[in-house]
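Notes follow once the structure below has been shown.
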Amino acid sequence: SVVVARTSGVTFDPEEGPAEVLFMILVPNEAGDQHIEILSSLARRMMDPEFTAGLRTLATKSELVQLLTSGDK
């Protein structure tokens, strides 16, 4: 499972801008490196301006699920 949270801005590193989108990746203990595969996929997709814009603006859960499950697998 992947949890996506939008914020008004959370500063983790004062040398960088505030984070507006946060992810929490949930996998069972026996999932091995599945969390790394999910993180890698998200990192690649974060390079796409349309993907990041969707994360910031989509209004419904179904739209967000469609964005996350389309494209890079």
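Identifiers in the structure tokens: chain A, B, ... in order shown; residue index from 1 per chain; ligand index from 1 in order shown.
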Inset, instruction - Show which residues sit within 12 Å of segment 49-59 of chain A, as a list of chain:residue names. Count only C-alpha atoms, and ignore same-chain residues fewer than 3 positions away. - result: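 Listing them by chain and then by number gives A:Val3, A:Val4, A:Ala5, A:Arg6, A:Thr7, A:Ser8, A:Gly9, A:Ala19, A:Glu20, A:Val21, A:Leu22, A:Phe23, A:Leu42, A:Ala43, A:Arg44, A:Arg45, A:Met46, A:Ser62, A:Glu63, A:Leu64, A:Val65, A:Gln66, A:Leu67, A:Leu68, A:Thr69, A:Ser70, A:Gly71, A:Asp72.
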Using the selection just defined, write its residues with N, CA and C atoms as an mmCIF file, in the first residue's frame.
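Saved the output as result-v1.cif:
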data_model
loop_
_atom_site.group_PDB
_atom_site.id
_atom_site.type_symbol
_atom_site.label_atom_id
_atom_site.label_comp_id
_atom_site.auth_asym_id
_atom_site.auth_seq_id
_atom_site.Cartn_x
_atom_site.Cartn_y
_atom_site.Cartn_z
ATOM 1 N N VAL A 3 0.468 5.376 0.874
ATOM 2 C CA VAL A 3 -0.337 6.482 1.384
ATOM 3 C C VAL A 3 0.255 7.766 0.822
ATOM 4 N N VAL A 4 -0.602 8.631 0.307
ATOM 5 C CA VAL A 4 -0.166 9.924 -0.218
ATOM 6 C C VAL A 4 -0.841 11.007 0.614
ATOM 7 N N ALA A 5 -0.019 11.954 1.096
ATOM 8 C CA ALA A 5 -0.557 13.085 1.865
ATOM 9 C C ALA A 5 -0.101 14.376 1.206
ATOM 10 N N ARG A 6 -1.024 15.307 1.058
ATOM 11 C CA ARG A 6 -0.671 16.636 0.564
ATOM 12 C C ARG A 6 -0.658 17.578 1.752
ATOM 13 N N THR A 7 0.344 18.451 1.773
ATOM 14 C CA THR A 7 0.483 19.392 2.886
ATOM 15 C C THR A 7 0.643 20.805 2.336
ATOM 16 N N SER A 8 0.544 21.772 3.226
ATOM 17 C CA SER A 8 0.821 23.155 2.828
ATOM 18 C C SER A 8 2.317 23.413 2.813
ATOM 19 N N GLY A 9 3.096 22.410 3.198
ATOM 20 C CA GLY A 9 4.551 22.508 3.156
ATOM 21 C C GLY A 9 5.175 22.070 4.467
ATOM 22 N N ALA A 19 8.354 20.273 1.470
ATOM 23 C CA ALA A 19 7.690 19.165 0.781
ATOM 24 C C ALA A 19 6.185 19.408 0.791
ATOM 25 N N GLU A 20 5.562 19.242 -0.363
ATOM 26 C CA GLU A 20 4.117 19.416 -0.483
ATOM 27 C C GLU A 20 3.386 18.093 -0.577
ATOM 28 N N VAL A 21 4.111 17.039 -0.972
ATOM 29 C CA VAL A 21 3.516 15.704 -1.106
ATOM 30 C C VAL A 21 4.390 14.729 -0.324
ATOM 31 N N LEU A 22 3.765 13.922 0.535
ATOM 32 C CA LEU A 22 4.468 12.926 1.341
ATOM 33 C C LEU A 22 3.942 11.543 0.990
ATOM 34 N N PHE A 23 4.833 10.551 0.996
ATOM 35 C CA PHE A 23 4.457 9.167 0.739
ATOM 36 C C PHE A 23 4.799 8.311 1.947
ATOM 37 N N LEU A 42 8.362 5.287 -7.817
ATOM 38 C CA LEU A 42 7.899 6.639 -7.471
ATOM 39 C C LEU A 42 8.968 7.673 -7.802
ATOM 40 N N ALA A 43 10.204 7.379 -7.502
ATOM 41 C CA ALA A 43 11.292 8.327 -7.775
ATOM 42 C C ALA A 43 11.388 8.621 -9.274
ATOM 43 N N ARG A 44 11.288 7.594 -10.118
ATOM 44 C CA ARG A 44 11.313 7.803 -11.569
ATOM 45 C C ARG A 44 10.134 8.663 -12.010
ATOM 46 N N ARG A 45 8.980 8.363 -11.482
ATOM 47 C CA ARG A 45 7.773 9.082 -11.901
ATOM 48 C C ARG A 45 7.750 10.520 -11.410
ATOM 49 N N MET A 46 8.453 10.803 -10.317
ATOM 50 C CA MET A 46 8.511 12.169 -9.794
ATOM 51 C C MET A 46 9.269 13.106 -10.740
ATOM 52 N N SER A 62 -10.195 8.155 -6.481
ATOM 53 C CA SER A 62 -10.132 7.339 -7.699
ATOM 54 C C SER A 62 -9.180 7.955 -8.723
ATOM 55 N N GLU A 63 -9.149 9.281 -8.836
ATOM 56 C CA GLU A 63 -8.212 9.927 -9.754
ATOM 57 C C GLU A 63 -6.767 9.675 -9.322
ATOM 58 N N LEU A 64 -6.517 9.748 -8.028
ATOM 59 C CA LEU A 64 -5.173 9.519 -7.509
ATOM 60 C C LEU A 64 -4.743 8.070 -7.708
ATOM 61 N N VAL A 65 -5.646 7.131 -7.455
ATOM 62 C CA VAL A 65 -5.338 5.711 -7.677
ATOM 63 C C VAL A 65 -5.017 5.471 -9.143
ATOM 64 N N GLN A 66 -5.801 6.077 -10.038
ATOM 65 C CA GLN A 66 -5.536 5.909 -11.471
ATOM 66 C C GLN A 66 -4.167 6.477 -11.840
ATOM 67 N N LEU A 67 -3.807 7.622 -11.290
ATOM 68 C CA LEU A 67 -2.494 8.210 -11.565
ATOM 69 C C LEU A 67 -1.379 7.299 -11.077
ATOM 70 N N LEU A 68 -1.512 6.768 -9.866
ATOM 71 C CA LEU A 68 -0.468 5.938 -9.284
ATOM 72 C C LEU A 68 -0.331 4.583 -9.974
ATOM 73 N N THR A 69 -1.407 4.067 -10.523
ATOM 74 C CA THR A 69 -1.371 2.742 -11.124
ATOM 75 C C THR A 69 -1.153 2.758 -12.628
ATOM 76 N N SER A 70 -1.136 3.937 -13.233
ATOM 77 C CA SER A 70 -0.878 4.028 -14.662
ATOM 78 C C SER A 70 0.596 4.284 -14.914
ATOM 79 N N GLY A 71 1.006 4.099 -16.145
ATOM 80 C CA GLY A 71 2.374 4.444 -16.510
ATOM 81 C C GLY A 71 3.397 3.459 -16.033
ATOM 82 N N ASP A 72 4.439 3.930 -15.381
ATOM 83 C CA ASP A 72 5.586 3.138 -14.941
ATOM 84 C C ASP A 72 5.146 2.015 -14.001
#
Inset, instruction - Assign secondary structure with DSSP using the backbone only, and return the residues of chain A in strand (DSSP E or B) as a PyMOL selection string. - result: chain A and resi 2-10+19-25
Inset, instruction - Find the residues around Ser1 of chain A up to 7 Å (only C-alpha atoms counted), leave out those fewer than 3 positions away in its own chain, and share them as a list in words. - result: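 Listing them by chain and then by number gives Ile25, Leu26 and Val27 of chain A.
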